[in-house]
file coords.pdb (PDB, C-alpha atoms)
ATOM      1  CA  MET A  14     -31.745 -35.903  -1.838  1.00  0.00           C
ATOM      2  CA  ASP A  15     -32.442 -34.652  -5.397  1.00  0.00           C
ATOM      3  CA  ALA A  16     -30.244 -35.935  -8.222  1.00  0.00           C
ATOM      4  CA  GLY A  17     -28.730 -32.472  -8.725  1.00  0.00           C
ATOM      5  CA  GLN A  18     -28.139 -31.791  -5.043  1.00  0.00           C
ATOM      6  CA  ILE A  19     -24.550 -31.513  -3.760  1.00  0.00           C
ATOM      7  CA  ASN A  20     -23.914 -33.185  -0.431  1.00  0.00           C
ATOM      8  CA  VAL A  21     -22.462 -31.205   2.503  1.00  0.00           C
ATOM      9  CA  GLN A  22     -21.595 -32.794   5.837  1.00  0.00           C
ATOM     10  CA  ARG A  23     -23.592 -31.424   8.762  1.00  0.00           C
ATOM     11  CA  GLN A  24     -21.656 -33.199  11.513  1.00  0.00           C
ATOM     12  CA  ASN A  25     -18.008 -33.028  10.458  1.00  0.00           C
ATOM     13  CA  GLY A  26     -17.059 -29.969  12.535  1.00  0.00           C
ATOM     14  CA  VAL A  27     -16.766 -27.617   9.540  1.00  0.00           C
ATOM     15  CA  ALA A  28     -19.471 -24.944   9.229  1.00  0.00           C
ATOM     16  CA  LEU A  29     -21.855 -25.436   6.314  1.00  0.00           C
ATOM     17  CA  TRP A  30     -21.137 -21.991   4.845  1.00  0.00           C
ATOM     18  CA  ARG A  31     -17.415 -22.804   4.849  1.00  0.00           C
ATOM     19  CA  GLN A  32     -17.977 -26.116   3.063  1.00  0.00           C
ATOM     20  CA  ILE A  33     -20.128 -24.363   0.481  1.00  0.00           C
ATOM     21  CA  ALA A  34     -17.552 -21.607  -0.006  1.00  0.00           C
ATOM     22  CA  ASP A  35     -14.907 -24.293  -0.607  1.00  0.00           C
ATOM     23  CA  ARG A  36     -17.129 -26.039  -3.187  1.00  0.00           C
ATOM     24  CA  ILE A  37     -17.894 -22.769  -5.018  1.00  0.00           C
ATOM     25  CA  ARG A  38     -14.210 -21.783  -4.947  1.00  0.00           C
ATOM     26  CA  THR A  39     -13.298 -25.147  -6.499  1.00  0.00           C
ATOM     27  CA  SER A  40     -16.004 -24.807  -9.141  1.00  0.00           C
ATOM     28  CA  ILE A  41     -14.690 -21.365 -10.076  1.00  0.00           C
ATOM     29  CA  SER A  42     -11.149 -22.719 -10.293  1.00  0.00           C
ATOM     30  CA  ASP A  43     -12.338 -25.619 -12.472  1.00  0.00           C
ATOM     31  CA  GLY A  44     -14.060 -23.208 -14.865  1.00  0.00           C
ATOM     32  CA  GLU A  45     -17.572 -24.513 -14.264  1.00  0.00           C
ATOM     33  CA  TYR A  46     -19.049 -20.991 -14.394  1.00  0.00           C
ATOM     34  CA  ASP A  47     -16.944 -19.629 -17.265  1.00  0.00           C
ATOM     35  CA  ALA A  48     -19.905 -19.519 -19.656  1.00  0.00           C
ATOM     36  CA  THR A  49     -21.715 -16.895 -17.568  1.00  0.00           C
ATOM     37  CA  GLY A  50     -18.846 -15.287 -15.665  1.00  0.00           C
ATOM     38  CA  LYS A  51     -20.849 -15.435 -12.468  1.00  0.00           C
ATOM     39  CA  VAL A  52     -21.939 -17.948  -9.846  1.00  0.00           C
ATOM     40  CA  PRO A  53     -25.514 -19.272  -9.927  1.00  0.00           C
ATOM     41  CA  PRO A  54     -28.231 -17.311  -8.071  1.00  0.00           C
ATOM     42  CA  GLU A  55     -28.597 -17.791  -4.318  1.00  0.00           C
ATOM     43  CA  PHE A  56     -31.813 -19.804  -4.651  1.00  0.00           C
ATOM     44  CA  THR A  57     -30.133 -22.173  -7.130  1.00  0.00           C
ATOM     45  CA  LEU A  58     -27.141 -22.702  -4.834  1.00  0.00           C
ATOM     46  CA  ALA A  59     -29.408 -23.152  -1.819  1.00  0.00           C
ATOM     47  CA  ALA A  60     -31.290 -25.907  -3.673  1.00  0.00           C
ATOM     48  CA  GLN A  61     -28.046 -27.548  -4.859  1.00  0.00           C
ATOM     49  CA  PHE A  62     -26.585 -27.708  -1.360  1.00  0.00           C
ATOM     50  CA  GLY A  63     -29.857 -28.338   0.484  1.00  0.00           C
ATOM     51  CA  VAL A  64     -29.446 -25.303   2.760  1.00  0.00           C
ATOM     52  CA  ASN A  65     -31.214 -22.003   3.289  1.00  0.00           C
ATOM     53  CA  ARG A  66     -30.261 -18.833   1.412  1.00  0.00           C
ATOM     54  CA  HIS A  67     -28.759 -17.251   4.538  1.00  0.00           C
ATOM     55  CA  THR A  68     -26.088 -19.999   4.596  1.00  0.00           C
ATOM     56  CA  VAL A  69     -25.349 -19.400   0.899  1.00  0.00           C
ATOM     57  CA  ARG A  70     -25.062 -15.642   1.545  1.00  0.00           C
ATOM     58  CA  SER A  71     -22.480 -16.304   4.266  1.00  0.00           C
ATOM     59  CA  ALA A  72     -20.446 -18.420   1.850  1.00  0.00           C
ATOM     60  CA  LEU A  73     -20.608 -15.790  -0.893  1.00  0.00           C
ATOM     61  CA  ALA A  74     -19.721 -13.034   1.575  1.00  0.00           C
ATOM     62  CA  ALA A  75     -16.571 -14.936   2.564  1.00  0.00           C
ATOM     63  CA  LEU A  76     -15.593 -15.361  -1.101  1.00  0.00           C
ATOM     64  CA  ALA A  77     -16.222 -11.658  -1.687  1.00  0.00           C
ATOM     65  CA  GLN A  78     -13.871 -10.821   1.193  1.00  0.00           C
ATOM     66  CA  GLU A  79     -11.211 -12.949  -0.490  1.00  0.00           C
ATOM     67  CA  GLY A  80     -11.738 -10.998  -3.711  1.00  0.00           C
ATOM     68  CA  ILE A  81     -12.903 -14.072  -5.636  1.00  0.00           C
ATOM     69  CA  VAL A  82     -16.439 -12.817  -6.354  1.00  0.00           C
ATOM     70  CA  ARG A  83     -18.163  -9.428  -6.414  1.00  0.00           C
ATOM     71  CA  PRO A  84     -21.902  -8.857  -5.932  1.00  0.00           C
ATOM     72  CA  VAL A  85     -23.372  -6.376  -8.425  1.00  0.00           C
ATOM     73  CA  GLN A  86     -26.912  -5.073  -7.961  1.00  0.00           C
ATOM     74  CA  GLY A  87     -29.156  -6.354 -10.733  1.00  0.00           C
ATOM     75  CA  ARG A  88     -26.479  -8.610 -12.248  1.00  0.00           C
ATOM     76  CA  GLY A  89     -25.794 -11.206  -9.573  1.00  0.00           C
ATOM     77  CA  THR A  90     -22.481 -12.370  -8.109  1.00  0.00           C
ATOM     78  CA  LEU A  91     -19.687 -11.897 -10.648  1.00  0.00           C
ATOM     79  CA  ILE A  92     -16.457 -13.862 -10.668  1.00  0.00           C
ATOM     80  CA  VAL A  93     -13.390 -11.663 -10.263  1.00  0.00           C
ATOM     81  CA  ARG A  94     -10.748 -12.885 -12.691  1.00  0.00           C
ATOM     82  CA  LYS A  95      -7.317 -12.965 -11.100  1.00  0.00           C
ATOM     83  CA  GLU A  96      -4.341 -14.409 -12.914  1.00  0.00           C
ATOM     84  CA  ARG A  97      -2.443 -16.827 -10.721  1.00  0.00           C
ATOM     85  CA  LEU A  98       1.250 -16.227 -10.207  1.00  0.00           C
ATOM     86  CA  ASN A  99       3.210 -19.160 -11.563  1.00  0.00           C
ATOM     87  CA  PHE A 100       5.940 -20.191  -9.128  1.00  0.00           C
ATOM     88  CA  PRO A 101       8.492 -22.684 -10.502  1.00  0.00           C
ATOM     89  CA  ILE A 102       9.980 -25.348  -8.241  1.00  0.00           C
ATOM     90  CA  SER A 103      13.416 -26.263  -9.549  1.00  0.00           C
ATOM     91  CA  ARG A 104      16.932 -27.186  -8.447  1.00  0.00           C
ATOM     92  CA  ARG A 105      17.534 -23.511  -7.671  1.00  0.00           C
ATOM     93  CA  THR A 106      14.226 -22.195  -6.364  1.00  0.00           C
ATOM     94  CA  ARG A 107      14.311 -18.459  -5.661  1.00  0.00           C
ATOM     95  CA  PHE A 108      11.286 -16.309  -4.830  1.00  0.00           C
ATOM     96  CA  SER A 109      12.240 -13.165  -6.763  1.00  0.00           C
ATOM     97  CA  GLN A 110      13.506 -15.056  -9.806  1.00  0.00           C
ATOM     98  CA  GLY A 111      10.493 -17.362  -9.709  1.00  0.00           C
ATOM     99  CA  ILE A 112       7.994 -14.494  -9.741  1.00  0.00           C
ATOM    100  CA  GLY A 113      10.141 -12.702 -12.324  1.00  0.00           C
ATOM    101  CA  ASP A 114       8.287 -10.177 -14.453  1.00  0.00           C
ATOM    102  CA  GLN A 115       4.875 -11.385 -13.290  1.00  0.00           C
ATOM    103  CA  ALA A 116       5.014  -8.600 -10.682  1.00  0.00           C
ATOM    104  CA  ARG A 117       6.501  -5.126 -10.888  1.00  0.00           C
ATOM    105  CA  GLU A 118       7.297  -4.931  -7.164  1.00  0.00           C
ATOM    106  CA  LYS A 119       8.604  -7.745  -4.960  1.00  0.00           C
ATOM    107  CA  GLU A 120       9.085  -7.344  -1.228  1.00  0.00           C
ATOM    108  CA  GLY A 121      10.183  -9.518   1.699  1.00  0.00           C
ATOM    109  CA  LEU A 122       9.295  -8.494   5.241  1.00  0.00           C
ATOM    110  CA  LEU A 123      10.543  -9.998   8.495  1.00  0.00           C
ATOM    111  CA  LEU A 124       7.574 -10.645  10.780  1.00  0.00           C
ATOM    112  CA  ARG A 125       9.234 -12.392  13.724  1.00  0.00           C
ATOM    113  CA  SER A 126      12.489 -14.067  14.655  1.00  0.00           C
ATOM    114  CA  ALA A 127      13.841 -16.229  17.483  1.00  0.00           C
ATOM    115  CA  GLU A 128      16.652 -18.549  18.488  1.00  0.00           C
ATOM    116  CA  GLU A 129      15.448 -21.934  19.726  1.00  0.00           C
ATOM    117  CA  PRO A 130      16.625 -25.528  20.237  1.00  0.00           C
ATOM    118  CA  ALA A 131      16.054 -27.821  17.277  1.00  0.00           C
ATOM    119  CA  SER A 132      13.327 -30.416  17.729  1.00  0.00           C
ATOM    120  CA  ALA A 133      14.080 -34.017  16.825  1.00  0.00           C
ATOM    121  CA  ASP A 134      12.309 -33.637  13.470  1.00  0.00           C
ATOM    122  CA  LEU A 135      14.036 -30.369  12.604  1.00  0.00           C
ATOM    123  CA  ALA A 136      17.432 -31.698  13.712  1.00  0.00           C
ATOM    124  CA  ALA A 137      17.018 -34.693  11.415  1.00  0.00           C
ATOM    125  CA  ARG A 138      16.122 -32.464   8.463  1.00  0.00           C
ATOM    126  CA  LEU A 139      19.041 -30.087   9.036  1.00  0.00           C
ATOM    127  CA  ASN A 140      21.443 -32.887  10.017  1.00  0.00           C
ATOM    128  CA  ILE A 141      22.364 -31.255  13.320  1.00  0.00           C
ATOM    129  CA  PRO A 142      22.196 -32.579  16.911  1.00  0.00           C
ATOM    130  CA  GLU A 143      18.804 -32.444  18.578  1.00  0.00           C
ATOM    131  CA  GLY A 144      18.703 -29.360  20.789  1.00  0.00           C
ATOM    132  CA  ALA A 145      21.295 -27.469  18.714  1.00  0.00           C
ATOM    133  CA  VAL A 146      20.400 -23.799  18.344  1.00  0.00           C
ATOM    134  CA  VAL A 147      18.557 -22.777  15.188  1.00  0.00           C
ATOM    135  CA  ILE A 148      17.465 -19.341  14.043  1.00  0.00           C
ATOM    136  CA  ARG A 149      13.794 -19.103  13.087  1.00  0.00           C
ATOM    137  CA  LEU A 150      12.662 -16.347  10.741  1.00  0.00           C
ATOM    138  CA  GLU A 151       9.013 -15.782   9.875  1.00  0.00           C
ATOM    139  CA  ALA A 152       8.670 -13.774   6.695  1.00  0.00           C
ATOM    140  CA  LEU A 153       5.940 -12.296   4.520  1.00  0.00           C
ATOM    141  CA  ARG A 154       6.526 -11.915   0.809  1.00  0.00           C
ATOM    142  CA  LYS A 155       4.531  -9.587  -1.404  1.00  0.00           C
ATOM    143  CA  ALA A 156       4.127  -9.160  -5.146  1.00  0.00           C
ATOM    144  CA  ASP A 157       2.768  -5.795  -6.251  1.00  0.00           C
ATOM    145  CA  ARG A 158       1.909  -5.143  -2.602  1.00  0.00           C
ATOM    146  CA  ARG A 159      -0.290  -8.264  -2.373  1.00  0.00           C
ATOM    147  CA  PRO A 160       0.753 -10.880   0.209  1.00  0.00           C
ATOM    148  CA  VAL A 161       1.617 -14.062  -1.688  1.00  0.00           C
ATOM    149  CA  SER A 162       3.464 -16.160   0.875  1.00  0.00           C
ATOM    150  CA  ARG A 163       4.014 -16.471   4.596  1.00  0.00           C
ATOM    151  CA  SER A 164       6.999 -18.621   5.529  1.00  0.00           C
ATOM    152  CA  THR A 165       8.730 -20.025   8.590  1.00  0.00           C
ATOM    153  CA  ASN A 166      12.428 -20.672   7.986  1.00  0.00           C
ATOM    154  CA  TRP A 167      15.009 -22.404  10.173  1.00  0.00           C
ATOM    155  CA  PHE A 168      18.801 -22.084   9.821  1.00  0.00           C
ATOM    156  CA  PRO A 169      21.650 -23.673  11.861  1.00  0.00           C
ATOM    157  CA  ALA A 170      22.699 -20.835  14.180  1.00  0.00           C
ATOM    158  CA  GLU A 171      26.335 -21.926  14.338  1.00  0.00           C
ATOM    159  CA  ARG A 172      26.763 -21.336  10.610  1.00  0.00           C
ATOM    160  CA  PHE A 173      24.332 -18.480  10.007  1.00  0.00           C
ATOM    161  CA  ALA A 174      24.615 -16.119  12.958  1.00  0.00           C
ATOM    162  CA  GLY A 175      23.494 -12.724  11.683  1.00  0.00           C
ATOM    163  CA  ILE A 176      21.003 -14.016   9.121  1.00  0.00           C
ATOM    164  CA  LYS A 177      18.176 -12.149  10.838  1.00  0.00           C
ATOM    165  CA  GLU A 178      19.908  -8.810  10.282  1.00  0.00           C
ATOM    166  CA  ALA A 179      20.956  -9.772   6.747  1.00  0.00           C
ATOM    167  CA  TYR A 180      17.386 -10.703   5.802  1.00  0.00           C
ATOM    168  CA  GLN A 181      15.925  -7.659   7.495  1.00  0.00           C
ATOM    169  CA  ALA A 182      18.237  -5.431   5.445  1.00  0.00           C
ATOM    170  CA  SER A 183      17.665  -7.147   2.090  1.00  0.00           C
ATOM    171  CA  GLY A 184      14.254  -8.813   2.204  1.00  0.00           C
ATOM    172  CA  SER A 185      15.839 -11.760   0.375  1.00  0.00           C
ATOM    173  CA  ILE A 186      17.044 -15.139   1.659  1.00  0.00           C
ATOM    174  CA  THR A 187      19.409 -15.400  -1.321  1.00  0.00           C
ATOM    175  CA  VAL A 188      21.015 -12.030  -0.576  1.00  0.00           C
ATOM    176  CA  ALA A 189      21.164 -12.837   3.142  1.00  0.00           C
ATOM    177  CA  PHE A 190      23.011 -16.086   2.361  1.00  0.00           C
ATOM    178  CA  ARG A 191      25.465 -14.211   0.151  1.00  0.00           C
ATOM    179  CA  THR A 192      26.070 -11.663   2.896  1.00  0.00           C
ATOM    180  CA  LEU A 193      27.082 -14.558   5.146  1.00  0.00           C
ATOM    181  CA  GLY A 194      29.336 -16.203   2.554  1.00  0.00           C
ATOM    182  CA  LEU A 195      27.004 -18.777   0.932  1.00  0.00           C
ATOM    183  CA  PHE A 196      26.836 -17.932  -2.775  1.00  0.00           C
ATOM    184  CA  ASP A 197      24.793 -20.875  -4.042  1.00  0.00           C
ATOM    185  CA  TYR A 198      22.272 -23.302  -2.590  1.00  0.00           C
ATOM    186  CA  LEU A 199      20.124 -26.094  -4.006  1.00  0.00           C
ATOM    187  CA  ARG A 200      16.567 -27.337  -3.487  1.00  0.00           C
ATOM    188  CA  VAL A 201      16.708 -31.033  -2.642  1.00  0.00           C
ATOM    189  CA  SER A 202      13.069 -31.647  -1.686  1.00  0.00           C
ATOM    190  CA  THR A 203       9.681 -29.936  -1.843  1.00  0.00           C
ATOM    191  CA  GLU A 204       6.509 -31.382  -0.365  1.00  0.00           C
ATOM    192  CA  ILE A 205       3.235 -29.608  -1.246  1.00  0.00           C
ATOM    193  CA  THR A 206      -0.117 -30.065   0.499  1.00  0.00           C
ATOM    194  CA  ALA A 207      -3.370 -28.065   0.727  1.00  0.00           C
ATOM    195  CA  THR A 208      -5.281 -27.062   3.845  1.00  0.00           C
ATOM    196  CA  HIS A 209      -7.504 -24.374   5.335  1.00  0.00           C
ATOM    197  CA  ALA A 210      -5.699 -21.207   6.406  1.00  0.00           C
ATOM    198  CA  ASP A 211      -5.200 -20.835  10.153  1.00  0.00           C
ATOM    199  CA  GLY A 212      -5.572 -17.617  12.152  1.00  0.00           C
ATOM    200  CA  ALA A 213      -2.070 -16.322  11.444  1.00  0.00           C
ATOM    201  CA  ASP A 214      -2.436 -17.079   7.721  1.00  0.00           C
ATOM    202  CA  LEU A 215      -5.775 -15.267   7.590  1.00  0.00           C
ATOM    203  CA  ALA A 216      -4.270 -12.157   9.181  1.00  0.00           C
ATOM    204  CA  ASP A 217      -0.925 -12.018   7.375  1.00  0.00           C
ATOM    205  CA  LEU A 218      -2.151 -13.137   3.936  1.00  0.00           C
ATOM    206  CA  GLN A 219      -5.345 -11.047   4.228  1.00  0.00           C
ATOM    207  CA  LEU A 220      -7.687 -13.989   3.668  1.00  0.00           C
ATOM    208  CA  SER A 221     -11.185 -14.720   4.911  1.00  0.00           C
ATOM    209  CA  PRO A 222     -12.178 -17.745   7.040  1.00  0.00           C
ATOM    210  CA  GLY A 223     -12.377 -20.902   4.953  1.00  0.00           C
ATOM    211  CA  ALA A 224      -9.674 -19.880   2.494  1.00  0.00           C
ATOM    212  CA  ILE A 225      -7.515 -22.673   1.096  1.00  0.00           C
ATOM    213  CA  ILE A 226      -3.724 -22.384   1.144  1.00  0.00           C
ATOM    214  CA  LEU A 227      -0.947 -24.413  -0.457  1.00  0.00           C
ATOM    215  CA  VAL A 228       1.764 -25.439   2.003  1.00  0.00           C
ATOM    216  CA  ALA A 229       5.282 -26.082   0.648  1.00  0.00           C
ATOM    217  CA  ARG A 230       7.800 -27.788   2.942  1.00  0.00           C
ATOM    218  CA  ALA A 231      11.251 -27.371   1.454  1.00  0.00           C
ATOM    219  CA  LEU A 232      14.837 -28.326   2.262  1.00  0.00           C
ATOM    220  CA  ASN A 233      17.810 -26.462   0.785  1.00  0.00           C
ATOM    221  CA  THR A 234      21.444 -27.499   0.951  1.00  0.00           C
ATOM    222  CA  ASP A 235      24.762 -25.958  -0.007  1.00  0.00           C
ATOM    223  CA  PRO A 236      26.521 -27.329  -3.140  1.00  0.00           C
ATOM    224  CA  GLU A 237      28.234 -29.969  -0.978  1.00  0.00           C
ATOM    225  CA  GLY A 238      24.874 -31.306   0.192  1.00  0.00           C
ATOM    226  CA  VAL A 239      24.977 -29.858   3.727  1.00  0.00           C
ATOM    227  CA  PRO A 240      21.482 -28.657   4.804  1.00  0.00           C
ATOM    228  CA  VAL A 241      21.295 -24.882   5.224  1.00  0.00           C
ATOM    229  CA  GLN A 242      17.572 -24.115   5.442  1.00  0.00           C
ATOM    230  CA  TYR A 243      14.278 -25.820   6.159  1.00  0.00           C
ATOM    231  CA  ALA A 244      11.194 -23.781   5.319  1.00  0.00           C
ATOM    232  CA  VAL A 245       7.431 -24.137   5.548  1.00  0.00           C
ATOM    233  CA  SER A 246       5.767 -21.634   3.214  1.00  0.00           C
ATOM    234  CA  ARG A 247       2.049 -20.965   2.832  1.00  0.00           C
ATOM    235  CA  PHE A 248       0.498 -19.528  -0.348  1.00  0.00           C
ATOM    236  CA  PRO A 249      -3.132 -18.505  -1.142  1.00  0.00           C
ATOM    237  CA  ALA A 250      -4.362 -21.278  -3.424  1.00  0.00           C
ATOM    238  CA  ASP A 251      -6.342 -18.914  -5.649  1.00  0.00           C
ATOM    239  CA  MET A 252      -3.305 -16.686  -6.218  1.00  0.00           C
ATOM    240  CA  VAL A 253      -0.367 -19.032  -6.797  1.00  0.00           C
ATOM    241  CA  GLN A 254       0.254 -22.177  -8.823  1.00  0.00           C
ATOM    242  CA  PHE A 255       3.393 -24.308  -8.850  1.00  0.00           C
ATOM    243  CA  THR A 256       5.266 -25.673 -11.834  1.00  0.00           C
ATOM    244  CA  ILE A 257       7.725 -28.481 -11.162  1.00  0.00           C
ATOM    245  CA  GLU A 258      10.811 -28.097 -13.340  1.00  0.00           C
ATOM    246  CA  ASN A 259      13.585 -30.660 -13.848  1.00  0.00           C
TER
END
call {"tool": "encode", "arguments": {"input": "coords.pdb", "output": "structure tokens"}}
result
Amino acid sequence: MDAGQINVQRQNGVALWRQIADRIRTSISDGEYDATGKVPPEFTLAAQFGVNRHTVRSALAALAQEGIVRPVQGRGTLIVRKERLNFPISRRTRFSQGIGDQAREKEGLLLRSAEEPASADLAARLNIPEGAVVIRLEALRKADRRPVSRSTNWFPAERFAGIKEAYQASGSITVAFRTLGLFDYLRVSTEITATHADGADLADLQLSPGAIILVARALNTDPEGVPVQYAVSRFPADMVQFTIEN
């Protein structure tokens, strides 16, 4: 392999074009192409990754679908500059307040809902008996009509019967809690990881295959420390960044 060649794994189960798209996406995020404002030519990328130009084209096409790059005849593949939304993680984490004036319009949509028995893991997080009924809400949040998060939320059904209707009417977990008599709640833990978007994420967040998402697993309690919500939220990594606040 040449000294300047970037290694991709041909037998790890991830398509070469997807690996290359991930590498280019990371390079864009790290500012490696800021001097030119565009990614290197196809033949340069093909040589760097040791693949043919068709594989590079597939990677660039996926990034174009995500809105990260834009091919322009005669100029090459330009980087589309998109300001990330800064989402603060604090003792009182709220979606609308967190986005604040970074977006003119904020919207919460209920995708699906169900009542189900709590698994052992979920019961431990919510401090309820295993098998106790929980209400699951799957929600999509938008900022200026762009999907910015897809979340799965669980609530103890005994305490929050009617939260589906309250969320459906308001598009806000905070407002739904208030409707049901909970006027304050606190974030006690947030765990953030990164992964490839799955099929549901690709559809609901309008991403292309290979896109990276940030996954936030969060537990909220009432002021007395009783768990009220466990949520797993997924954010497009190129659109959102987190700031941890004390």
call {"tool": "closest_residue", "arguments": {"input": "coords.pdb", "among": "A:Gly44, A:Val239, A:Asp211, A:Pro160", "to": "Arg172 in chain A", "atoms": "all atoms listed in the file"}}
result
A:Val239
call {"tool": "closest_residue", "arguments": {"input": "coords.pdb", "among": "A:Thr90, A:Ala127, A:Leu73, A:Arg149", "to": "Thr49 in chain A", "atoms": "only C-alpha atoms"}}
result
A:Thr90
call {"tool": "closest_residue", "arguments": {"input": "coords.pdb", "among": "A:Val188, A:Met252, A:Ala145, A:Leu227", "to": "Ala133 in chain A", "atoms": "all atoms listed in the file"}}
result
A:Ala145
call {"tool": "resolve_selection", "arguments": {"input": "coords.pdb", "expression": "the PyMOL selection byres ((chain A and resi 181) around 10)", "output": "PyMOL selection string"}}
result
chain A and resi 121-124+150+152+176-180+182-186+189
call {"tool": "write_last_selection", "arguments": {"input": "coords.pdb", "atoms": "C-alpha atoms", "output": "PDB file, keeping the file's coordinate frame"}}
result
ATOM      1  CA  GLY A 121      10.183  -9.518   1.699  1.00  0.00           C
ATOM      2  CA  LEU A 122       9.295  -8.494   5.241  1.00  0.00           C
ATOM      3  CA  LEU A 123      10.543  -9.998   8.495  1.00  0.00           C
ATOM      4  CA  LEU A 124       7.574 -10.645  10.780  1.00  0.00           C
ATOM      5  CA  LEU A 150      12.662 -16.347  10.741  1.00  0.00           C
ATOM      6  CA  ALA A 152       8.670 -13.774   6.695  1.00  0.00           C
ATOM      7  CA  ILE A 176      21.003 -14.016   9.121  1.00  0.00           C
ATOM      8  CA  LYS A 177      18.176 -12.149  10.838  1.00  0.00           C
ATOM      9  CA  GLU A 178      19.908  -8.810  10.282  1.00  0.00           C
ATOM     10  CA  ALA A 179      20.956  -9.772   6.747  1.00  0.00           C
ATOM     11  CA  TYR A 180      17.386 -10.703   5.802  1.00  0.00           C
ATOM     12  CA  ALA A 182      18.237  -5.431   5.445  1.00  0.00           C
ATOM     13  CA  SER A 183      17.665  -7.147   2.090  1.00  0.00           C
ATOM     14  CA  GLY A 184      14.254  -8.813   2.204  1.00  0.00           C
ATOM     15  CA  SER A 185      15.839 -11.760   0.375  1.00  0.00           C
ATOM     16  CA  ILE A 186      17.044 -15.139   1.659  1.00  0.00           C
ATOM     17  CA  ALA A 189      21.164 -12.837   3.142  1.00  0.00           C
TER      18      ALA A 189
END
call {"tool": "resolve_selection", "arguments": {"input": "coords.pdb", "expression": "the PyMOL selection byres ((chain A and resi 193) around 8)", "output": "list in words"}}
result
Phe173, Gly175, Ile176, Ala179, Ala189, Phe190, Arg191, Thr192, Gly194 and Leu195 of chain A
call {"tool": "atom_distance", "arguments": {"input": "coords.pdb", "atom1": "CA of Phe56 in chain A", "atom2": "CA of Ala34 in chain A"}}
result
15.1 Å
call {"tool": "residues_around", "arguments": {"input": "coords.pdb", "residues": "Ala250 in chain A", "least_positions_apart": "4", "cutoff": "9 Å", "atoms": "all atoms listed in the file", "output": "ChimeraX atom specification"}}
result
/A:97,207,224-227,254
call {"tool": "closest_residue", "arguments": {"input": "coords.pdb", "among": "A:Val69, A:Ile102, A:Val161, A:Leu58", "to": "Leu220 in chain A", "atoms": "all atoms listed in the file"}}
result
A:Val161
call {"tool": "residues_near_point", "arguments": {"input": "coords.pdb", "point": "(8.6, -27.9, 4.2)", "cutoff": "10 Å", "atoms": "all atoms listed in the file", "output": "ChimeraX atom specification"}}
result
/A:138,164-166,202-206,228-233,242-247
call {"tool": "write_last_selection", "arguments": {"input": "coords.pdb", "atoms": "C-alpha atoms", "output": "PDB file, in the frame of the given file"}}
result
ATOM      1  CA  ARG A 138      16.122 -32.464   8.463  1.00  0.00           C
ATOM      2  CA  SER A 164       6.999 -18.621   5.529  1.00  0.00           C
ATOM      3  CA  THR A 165       8.730 -20.025   8.590  1.00  0.00           C
ATOM      4  CA  ASN A 166      12.428 -20.672   7.986  1.00  0.00           C
ATOM      5  CA  SER A 202      13.069 -31.647  -1.686  1.00  0.00           C
ATOM      6  CA  THR A 203       9.681 -29.936  -1.843  1.00  0.00           C
ATOM      7  CA  GLU A 204       6.509 -31.382  -0.365  1.00  0.00           C
ATOM      8  CA  ILE A 205       3.235 -29.608  -1.246  1.00  0.00           C
ATOM      9  CA  THR A 206      -0.117 -30.065   0.499  1.00  0.00           C
ATOM     10  CA  VAL A 228       1.764 -25.439   2.003  1.00  0.00           C
ATOM     11  CA  ALA A 229       5.282 -26.082   0.648  1.00  0.00           C
ATOM     12  CA  ARG A 230       7.800 -27.788   2.942  1.00  0.00           C
ATOM     13  CA  ALA A 231      11.251 -27.371   1.454  1.00  0.00           C
ATOM     14  CA  LEU A 232      14.837 -28.326   2.262  1.00  0.00           C
ATOM     15  CA  ASN A 233      17.810 -26.462   0.785  1.00  0.00           C
ATOM     16  CA  GLN A 242      17.572 -24.115   5.442  1.00  0.00           C
ATOM     17  CA  TYR A 243      14.278 -25.820   6.159  1.00  0.00           C
ATOM     18  CA  ALA A 244      11.194 -23.781   5.319  1.00  0.00           C
ATOM     19  CA  VAL A 245       7.431 -24.137   5.548  1.00  0.00           C
ATOM     20  CA  SER A 246       5.767 -21.634   3.214  1.00  0.00           C
ATOM     21  CA  ARG A 247       2.049 -20.965   2.832  1.00  0.00           C
TER      22      ARG A 247
END
call {"tool": "resolve_selection", "arguments": {"input": "coords.pdb", "expression": "the PyMOL selection byres ((chain A and resi 255) around 6)", "output": "VMD selection string"}}
result
chain A and resid 99 to 101 254 256
call {"tool": "atom_distance", "arguments": {"input": "coords.pdb", "atom1": "CA of Glu171 in chain A", "atom2": "CA of Leu199 in chain A"}}
result
19.8 Å
call {"tool": "closest_residue", "arguments": {"input": "coords.pdb", "among": "A:Pro169, A:Arg163, A:Ala210, A:Leu215", "to": "Pro142 in chain A", "atoms": "all atoms listed in the file"}}
result
A:Pro169
call {"tool": "closest_residue", "arguments": {"input": "coords.pdb", "among": "A:Val147, A:Ala60, A:Ala174, A:Leu98", "to": "Glu128 in chain A", "atoms": "all atoms listed in the file"}}
result
A:Val147
